[in-house]
Amino acid sequence: AQSVTQPDIHITVSEGASLELRCNYSYGATPYLFWYVQSPGQGLQLLLKYFSGDTLVQGIKGFEAEFKRSQSSFNLRKPSVHWSDAAEYFCAVGAKEYGNKLVFGAGTILRVKS
Amino acid sequence: EPEVTQTPSHQVTQMGQEVILRCVPISNHLYFYWYRQILGQKVEFLVSFYNNEISEKSEIFDDQFSVERPDGSNFTLKIRSTKLEDSAMYFCASSGDFRAGNTEAFFGQGTRLTVV
């Protein structure tokens, strides 16, 4: 069965510090990968996506993610966190072999301290 | 920028009542979805809809649930007889065909359903 693991439930970083949120997946197929962000009371906003090609993808708000097939990972990074980045972040995975549905990780809540 | 809109944003209903959650997907998208997120848990796929029929559904999507595209713009999720455990945030989404390549699912703001 397909699964997505976000091992960190909560992460706290200082404003201006770098950030890395982890995502590992288990899929019997070539995945396409997404990171979404959810602010309180808001919907899911797409940060970035990977389908093929360059394994380092750039997204909105200064985020990037790197697909590492050998590690089945798609970690999200940002070099300098802003207070407005505080939110919940979800990794999601799909695959052609599994139709159009996405499987989500449990989410990581990011807190930013000033 | 195109967006998926959902109404209402919050719905409170009594156990056993029927509820209909409404969504307006992005107009040129062909695939429509419902996901739900029980408080404190992960976002879960419920159903996908393409070409006026269900293309895939999860084991959560039992006979109590149904989806419909009653006209050219709306996409609805009906829960026939709500249970306490149906309380959750329900997200509608729409997309192109992932199997065709580079696309993404756009999500609505969600409807928070509270069953009392």
# chains A, B, ... in the order shown; residues from 1 in each chain; ligands from 1
$ select_by_dssp --residues "chain B" --states "helix (DSSP H, G or I)" --output "PyMOL selection string"
chain B and resi 84-86+98-100
$ write_last_selection --atoms "N, CA and C atoms" --output "mmCIF file, in the first residue's frame"
data_model
loop_
_atom_site.group_PDB
_atom_site.id
_atom_site.type_symbol
_atom_site.label_atom_id
_atom_site.label_comp_id
_atom_site.auth_asym_id
_atom_site.auth_seq_id
_atom_site.Cartn_x
_atom_site.Cartn_y
_atom_site.Cartn_z
ATOM 1 N N LEU B 84 -21.538 10.893 14.175
ATOM 2 C CA LEU B 84 -20.595 11.751 14.895
ATOM 3 C C LEU B 84 -19.206 11.708 14.255
ATOM 4 N N GLU B 85 -18.813 10.525 13.808
ATOM 5 C CA GLU B 85 -17.473 10.368 13.243
ATOM 6 C C GLU B 85 -17.316 10.988 11.856
ATOM 7 N N ASP B 86 -18.381 11.520 11.302
ATOM 8 C CA ASP B 86 -18.272 12.260 10.040
ATOM 9 C C ASP B 86 -17.792 13.698 10.260
ATOM 10 N N PHE B 98 -3.346 13.757 -13.946
ATOM 11 C CA PHE B 98 -1.960 13.555 -13.534
ATOM 12 C C PHE B 98 -1.219 12.609 -14.469
ATOM 13 N N ARG B 99 -1.922 11.654 -15.015
ATOM 14 C CA ARG B 99 -1.253 10.675 -15.859
ATOM 15 C C ARG B 99 -0.768 11.294 -17.173
ATOM 16 N N ALA B 100 -1.327 12.436 -17.518
ATOM 17 C CA ALA B 100 -0.903 13.127 -18.733
ATOM 18 C C ALA B 100 0.330 13.975 -18.502
#
$ interface_residues --of "chain B" --to "chain A" --cutoff "8 Å" --atoms "only C-alpha atoms" --output "PyMOL selection string"
chain B and resi 41-45+48+56+91+97-99+101-102+104+106-110
$ write_last_selection --atoms "all heavy atoms" --output "short mmCIF file (atom, residue, chain, number, x, y, z; two decimals), in the first residue's frame"
data_model
loop_
_atom_site.label_atom_id
_atom_site.label_comp_id
_atom_site.auth_asym_id
_atom_site.auth_seq_id
_atom_site.Cartn_x
_atom_site.Cartn_y
_atom_site.Cartn_z
N GLN B 41 -5.80 14.67 12.33
CA GLN B 41 -5.37 13.54 11.52
C GLN B 41 -4.98 13.99 10.11
O GLN B 41 -5.07 15.17 9.78
CB GLN B 41 -6.48 12.48 11.47
CG GLN B 41 -6.84 11.91 12.85
CD GLN B 41 -7.84 10.78 12.77
OE1 GLN B 41 -7.96 10.11 11.74
NE2 GLN B 41 -8.56 10.56 13.85
N LYS B 42 -4.57 13.05 9.31
CA LYS B 42 -4.09 13.42 7.98
C LYS B 42 -5.26 13.61 7.02
O LYS B 42 -6.38 13.19 7.26
CB LYS B 42 -3.13 12.37 7.44
CG LYS B 42 -3.72 10.99 7.28
CD LYS B 42 -2.73 10.03 6.61
CE LYS B 42 -1.54 9.75 7.49
NZ LYS B 42 -0.63 8.74 6.89
N VAL B 43 -4.95 14.28 5.91
CA VAL B 43 -5.93 14.46 4.85
C VAL B 43 -6.11 13.12 4.14
O VAL B 43 -5.12 12.50 3.72
CB VAL B 43 -5.45 15.55 3.87
CG1 VAL B 43 -6.42 15.69 2.72
CG2 VAL B 43 -5.26 16.88 4.59
N GLU B 44 -7.37 12.70 3.98
CA GLU B 44 -7.65 11.38 3.38
C GLU B 44 -8.49 11.53 2.13
O GLU B 44 -9.46 12.27 2.09
CB GLU B 44 -8.45 10.52 4.37
CG GLU B 44 -7.81 10.28 5.70
CD GLU B 44 -8.77 9.59 6.65
OE1 GLU B 44 -9.73 10.25 7.10
OE2 GLU B 44 -8.57 8.40 6.92
N PHE B 45 -8.13 10.78 1.12
CA PHE B 45 -8.88 10.74 -0.12
C PHE B 45 -10.23 10.05 0.09
O PHE B 45 -10.29 8.99 0.73
CB PHE B 45 -8.07 9.98 -1.17
CG PHE B 45 -8.81 9.65 -2.42
CD1 PHE B 45 -9.01 10.60 -3.41
CD2 PHE B 45 -9.28 8.36 -2.63
CE1 PHE B 45 -9.67 10.27 -4.58
CE2 PHE B 45 -9.95 8.02 -3.79
CZ PHE B 45 -10.14 8.97 -4.77
N SER B 48 -12.86 10.34 -6.34
CA SER B 48 -12.55 11.16 -7.52
C SER B 48 -13.66 10.95 -8.55
O SER B 48 -14.29 9.89 -8.60
CB SER B 48 -11.19 10.83 -8.11
OG SER B 48 -11.12 9.46 -8.47
N GLU B 56 -12.77 6.68 -8.88
CA GLU B 56 -12.12 5.94 -7.81
C GLU B 56 -12.73 6.37 -6.49
O GLU B 56 -13.13 7.52 -6.34
CB GLU B 56 -10.61 6.21 -7.81
CG GLU B 56 -9.82 5.32 -6.90
CD GLU B 56 -8.32 5.50 -7.05
OE1 GLU B 56 -7.90 6.31 -7.91
OE2 GLU B 56 -7.58 4.84 -6.31
N PHE B 91 -12.54 18.79 2.08
CA PHE B 91 -11.91 19.59 1.02
C PHE B 91 -12.36 19.08 -0.34
O PHE B 91 -12.31 17.89 -0.62
CB PHE B 91 -10.39 19.49 1.09
CG PHE B 91 -9.78 20.17 2.27
CD1 PHE B 91 -9.26 19.43 3.32
CD2 PHE B 91 -9.69 21.55 2.33
CE1 PHE B 91 -8.68 20.05 4.42
CE2 PHE B 91 -9.10 22.19 3.43
CZ PHE B 91 -8.61 21.43 4.47
N ASP B 97 -5.41 15.85 -15.64
CA ASP B 97 -5.10 14.43 -15.51
C ASP B 97 -3.62 14.26 -15.16
O ASP B 97 -2.75 14.58 -15.98
CB ASP B 97 -5.42 13.70 -16.81
CG ASP B 97 -5.29 12.19 -16.69
OD1 ASP B 97 -4.74 11.72 -15.66
OD2 ASP B 97 -5.74 11.49 -17.60
N PHE B 98 -3.35 13.76 -13.95
CA PHE B 98 -1.96 13.56 -13.53
C PHE B 98 -1.22 12.61 -14.47
O PHE B 98 -0.02 12.74 -14.68
CB PHE B 98 -1.90 13.01 -12.11
CG PHE B 98 -2.29 14.02 -11.07
CD1 PHE B 98 -3.55 14.00 -10.50
CD2 PHE B 98 -1.41 15.00 -10.65
CE1 PHE B 98 -3.92 14.93 -9.54
CE2 PHE B 98 -1.77 15.94 -9.69
CZ PHE B 98 -3.04 15.89 -9.14
N ARG B 99 -1.92 11.65 -15.01
CA ARG B 99 -1.25 10.67 -15.86
C ARG B 99 -0.77 11.29 -17.17
O ARG B 99 0.10 10.75 -17.84
CB ARG B 99 -2.19 9.49 -16.13
CG ARG B 99 -2.38 8.63 -14.90
CD ARG B 99 -3.56 7.70 -15.03
NE ARG B 99 -4.81 8.42 -15.02
CZ ARG B 99 -6.00 7.84 -14.87
NH1 ARG B 99 -6.07 6.53 -14.74
NH2 ARG B 99 -7.11 8.55 -14.88
N GLY B 101 0.70 14.17 -17.25
CA GLY B 101 1.91 14.94 -16.98
C GLY B 101 1.70 16.02 -15.95
O GLY B 101 0.92 15.88 -15.03
N ASN B 102 2.35 17.08 -16.16
CA ASN B 102 2.54 18.13 -15.17
C ASN B 102 1.25 18.88 -14.88
O ASN B 102 0.82 19.74 -15.63
CB ASN B 102 3.60 19.09 -15.69
CG ASN B 102 4.14 19.99 -14.61
OD1 ASN B 102 3.72 19.91 -13.46
ND2 ASN B 102 5.06 20.85 -14.97
N GLU B 104 -1.61 19.85 -11.28
CA GLU B 104 -1.69 19.92 -9.82
C GLU B 104 -3.14 19.94 -9.41
O GLU B 104 -4.02 20.27 -10.21
CB GLU B 104 -0.99 21.18 -9.31
CG GLU B 104 -1.64 22.48 -9.78
CD GLU B 104 -0.85 23.70 -9.37
OE1 GLU B 104 0.14 24.03 -10.03
OE2 GLU B 104 -1.25 24.34 -8.39
N PHE B 106 -5.88 21.69 -7.22
CA PHE B 106 -6.23 22.91 -6.51
C PHE B 106 -7.30 22.57 -5.48
O PHE B 106 -8.32 21.96 -5.82
CB PHE B 106 -6.79 23.96 -7.48
CG PHE B 106 -5.74 24.56 -8.37
CD1 PHE B 106 -5.31 23.90 -9.51
CD2 PHE B 106 -5.20 25.80 -8.08
CE1 PHE B 106 -4.35 24.46 -10.35
CE2 PHE B 106 -4.24 26.37 -8.91
CZ PHE B 106 -3.81 25.69 -10.05
N PHE B 107 -7.05 23.00 -4.24
CA PHE B 107 -7.98 22.69 -3.17
C PHE B 107 -8.79 23.92 -2.78
O PHE B 107 -8.30 25.05 -2.82
CB PHE B 107 -7.21 22.20 -1.94
CG PHE B 107 -6.73 20.80 -2.05
CD1 PHE B 107 -5.60 20.49 -2.79
CD2 PHE B 107 -7.42 19.77 -1.42
CE1 PHE B 107 -5.16 19.18 -2.90
CE2 PHE B 107 -6.99 18.46 -1.53
CZ PHE B 107 -5.85 18.17 -2.27
N GLY B 108 -10.02 23.67 -2.38
CA GLY B 108 -10.84 24.72 -1.82
C GLY B 108 -10.45 24.99 -0.37
O GLY B 108 -9.58 24.33 0.19
N GLN B 109 -11.15 25.95 0.23
CA GLN B 109 -10.86 26.36 1.60
C GLN B 109 -11.40 25.36 2.61
O GLN B 109 -11.05 25.43 3.79
CB GLN B 109 -11.48 27.73 1.89
CG GLN B 109 -11.00 28.83 0.99
CD GLN B 109 -9.63 29.33 1.38
OE1 GLN B 109 -8.65 28.61 1.31
NE2 GLN B 109 -9.56 30.57 1.81
N GLY B 110 -12.26 24.47 2.17
CA GLY B 110 -12.78 23.46 3.08
C GLY B 110 -14.12 23.84 3.69
O GLY B 110 -14.46 25.02 3.83
#
$ residues_around --residues "Lys113 of chain A" --least-positions-apart "4" --cutoff "7 Å" --atoms "only C-alpha atoms" --output "compact mmCIF listing (two decimals) with N, CA, C and O atoms, in the first residue's frame"
# COMPACT_ATOMS: atom_id res chain seq x y z
N VAL A 13 11.52 26.65 14.76
CA VAL A 13 12.77 27.26 14.32
C VAL A 13 12.72 28.75 14.62
O VAL A 13 11.64 29.35 14.72
N SER A 14 13.88 29.33 14.72
CA SER A 14 13.98 30.77 14.94
C SER A 14 13.85 31.49 13.61
O SER A 14 14.28 30.97 12.56
N GLU A 15 13.27 32.66 13.65
CA GLU A 15 13.15 33.46 12.43
C GLU A 15 14.54 33.72 11.88
O GLU A 15 15.47 34.06 12.62
$ atom_distance --atom1 "atom CA of Ile9 of chain A" --atom2 "atom CA of Leu47 of chain A"
18.8 Å
$ residues_around --residues "Phe63 of chain A" --least-positions-apart "3" --cutoff "7 Å" --atoms "only C-alpha atoms" --output "list in words"
Gln58, Gly59, Ile60, Leu76, Arg77 and Lys78 of chain A
$ write_last_selection --atoms "N, CA, C and O atoms" --output "mmCIF file, in the first residue's frame"
data_model
loop_
_atom_site.group_PDB
_atom_site.id
_atom_site.type_symbol
_atom_site.label_atom_id
_atom_site.label_comp_id
_atom_site.auth_asym_id
_atom_site.auth_seq_id
_atom_site.Cartn_x
_atom_site.Cartn_y
_atom_site.Cartn_z
ATOM 1 N N GLN A 58 11.963 24.265 -7.395
ATOM 2 C CA GLN A 58 11.735 25.529 -6.703
ATOM 3 C C GLN A 58 10.237 25.788 -6.617
ATOM 4 O O GLN A 58 9.482 25.463 -7.538
ATOM 5 N N GLY A 59 9.833 26.370 -5.507
ATOM 6 C CA GLY A 59 8.423 26.665 -5.331
ATOM 7 C C GLY A 59 8.194 28.115 -4.969
ATOM 8 O O GLY A 59 9.090 28.948 -5.099
ATOM 9 N N ILE A 60 7.016 28.369 -4.476
ATOM 10 C CA ILE A 60 6.668 29.736 -4.081
ATOM 11 C C ILE A 60 7.228 30.023 -2.697
ATOM 12 O O ILE A 60 7.634 29.105 -1.965
ATOM 13 N N LEU A 76 11.502 19.184 2.122
ATOM 14 C CA LEU A 76 11.241 20.602 1.842
ATOM 15 C C LEU A 76 12.241 21.453 2.596
ATOM 16 O O LEU A 76 12.493 21.208 3.783
ATOM 17 N N ARG A 77 12.771 22.473 1.936
ATOM 18 C CA ARG A 77 13.780 23.320 2.572
ATOM 19 C C ARG A 77 13.494 24.787 2.303
ATOM 20 O O ARG A 77 12.861 25.149 1.301
ATOM 21 N N LYS A 78 13.983 25.589 3.242
ATOM 22 C CA LYS A 78 13.964 27.036 3.037
ATOM 23 C C LYS A 78 15.178 27.592 3.766
ATOM 24 O O LYS A 78 15.409 27.261 4.930
#
$ select_by_dssp --residues "chain B" --states "strand (DSSP E or B)" --output "ChimeraX atom specification"
/B:5-7,10-13,19-24,31-37,43-50,53-57,65-68,75-79,88-95,106-107,111-115
$ closest_atom_pairs --of "segment 38-83 of chain B" --to "segment 2-9 of chain B" --cutoff "10 Å" --atoms "only C-alpha atoms" --output "Markdown table"
| residue | atom | partner | partner_atom | distance |
| --- | --- | --- | --- | --- |
| B:Asn74 | CA | B:Gln6 | CA | 9.6 |
| B:Phe75 | CA | B:Gln6 | CA | 9.4 |
| B:Thr76 | CA | B:Gln6 | CA | 9.5 |
$ decode --residues "segment 38-51 of chain B" --atoms "N, CA, C and O atoms" --output "compact mmCIF listing (two decimals), in the first residue's frame"
# COMPACT_ATOMS: atom_id res chain seq x y z
N ILE B 38 -10.09 14.65 9.43
CA ILE B 38 -10.58 14.63 10.80
C ILE B 38 -9.58 15.40 11.66
O ILE B 38 -8.37 15.33 11.43
N LEU B 39 -10.08 16.12 12.65
CA LEU B 39 -9.24 17.00 13.46
C LEU B 39 -8.04 16.24 14.01
O LEU B 39 -8.18 15.19 14.64
N GLY B 40 -6.85 16.77 13.71
CA GLY B 40 -5.63 16.17 14.24
C GLY B 40 -5.11 15.00 13.43
O GLY B 40 -4.10 14.41 13.80
N GLN B 41 -5.80 14.67 12.33
CA GLN B 41 -5.37 13.54 11.52
C GLN B 41 -4.98 13.99 10.11
O GLN B 41 -5.07 15.17 9.78
N LYS B 42 -4.57 13.05 9.31
CA LYS B 42 -4.09 13.42 7.98
C LYS B 42 -5.26 13.61 7.02
O LYS B 42 -6.38 13.19 7.26
N VAL B 43 -4.95 14.28 5.91
CA VAL B 43 -5.93 14.46 4.85
C VAL B 43 -6.11 13.12 4.14
O VAL B 43 -5.12 12.50 3.72
N GLU B 44 -7.37 12.70 3.98
CA GLU B 44 -7.65 11.38 3.38
C GLU B 44 -8.49 11.53 2.13
O GLU B 44 -9.46 12.27 2.09
N PHE B 45 -8.13 10.78 1.12
CA PHE B 45 -8.88 10.74 -0.12
C PHE B 45 -10.23 10.05 0.09
O PHE B 45 -10.29 8.99 0.73
N LEU B 46 -11.27 10.65 -0.43
CA LEU B 46 -12.58 10.02 -0.40
C LEU B 46 -12.98 9.48 -1.78
O LEU B 46 -13.30 8.30 -1.93
N VAL B 47 -12.97 10.37 -2.78
CA VAL B 47 -13.53 9.99 -4.07
C VAL B 47 -12.98 10.89 -5.16
O VAL B 47 -12.66 12.06 -4.90
N SER B 48 -12.86 10.34 -6.34
CA SER B 48 -12.55 11.16 -7.52
C SER B 48 -13.66 10.95 -8.55
O SER B 48 -14.29 9.89 -8.60
N PHE B 49 -13.85 11.96 -9.37
CA PHE B 49 -15.01 12.00 -10.27
C PHE B 49 -14.54 12.52 -11.61
O PHE B 49 -13.86 13.55 -11.67
N TYR B 50 -14.86 11.78 -12.66
CA TYR B 50 -14.42 12.17 -14.00
C TYR B 50 -15.48 11.76 -15.00
O TYR B 50 -16.03 10.65 -14.91
N ASN B 51 -15.75 12.62 -15.93
CA ASN B 51 -16.68 12.29 -17.02
C ASN B 51 -18.03 11.84 -16.45
O ASN B 51 -18.61 10.85 -16.91
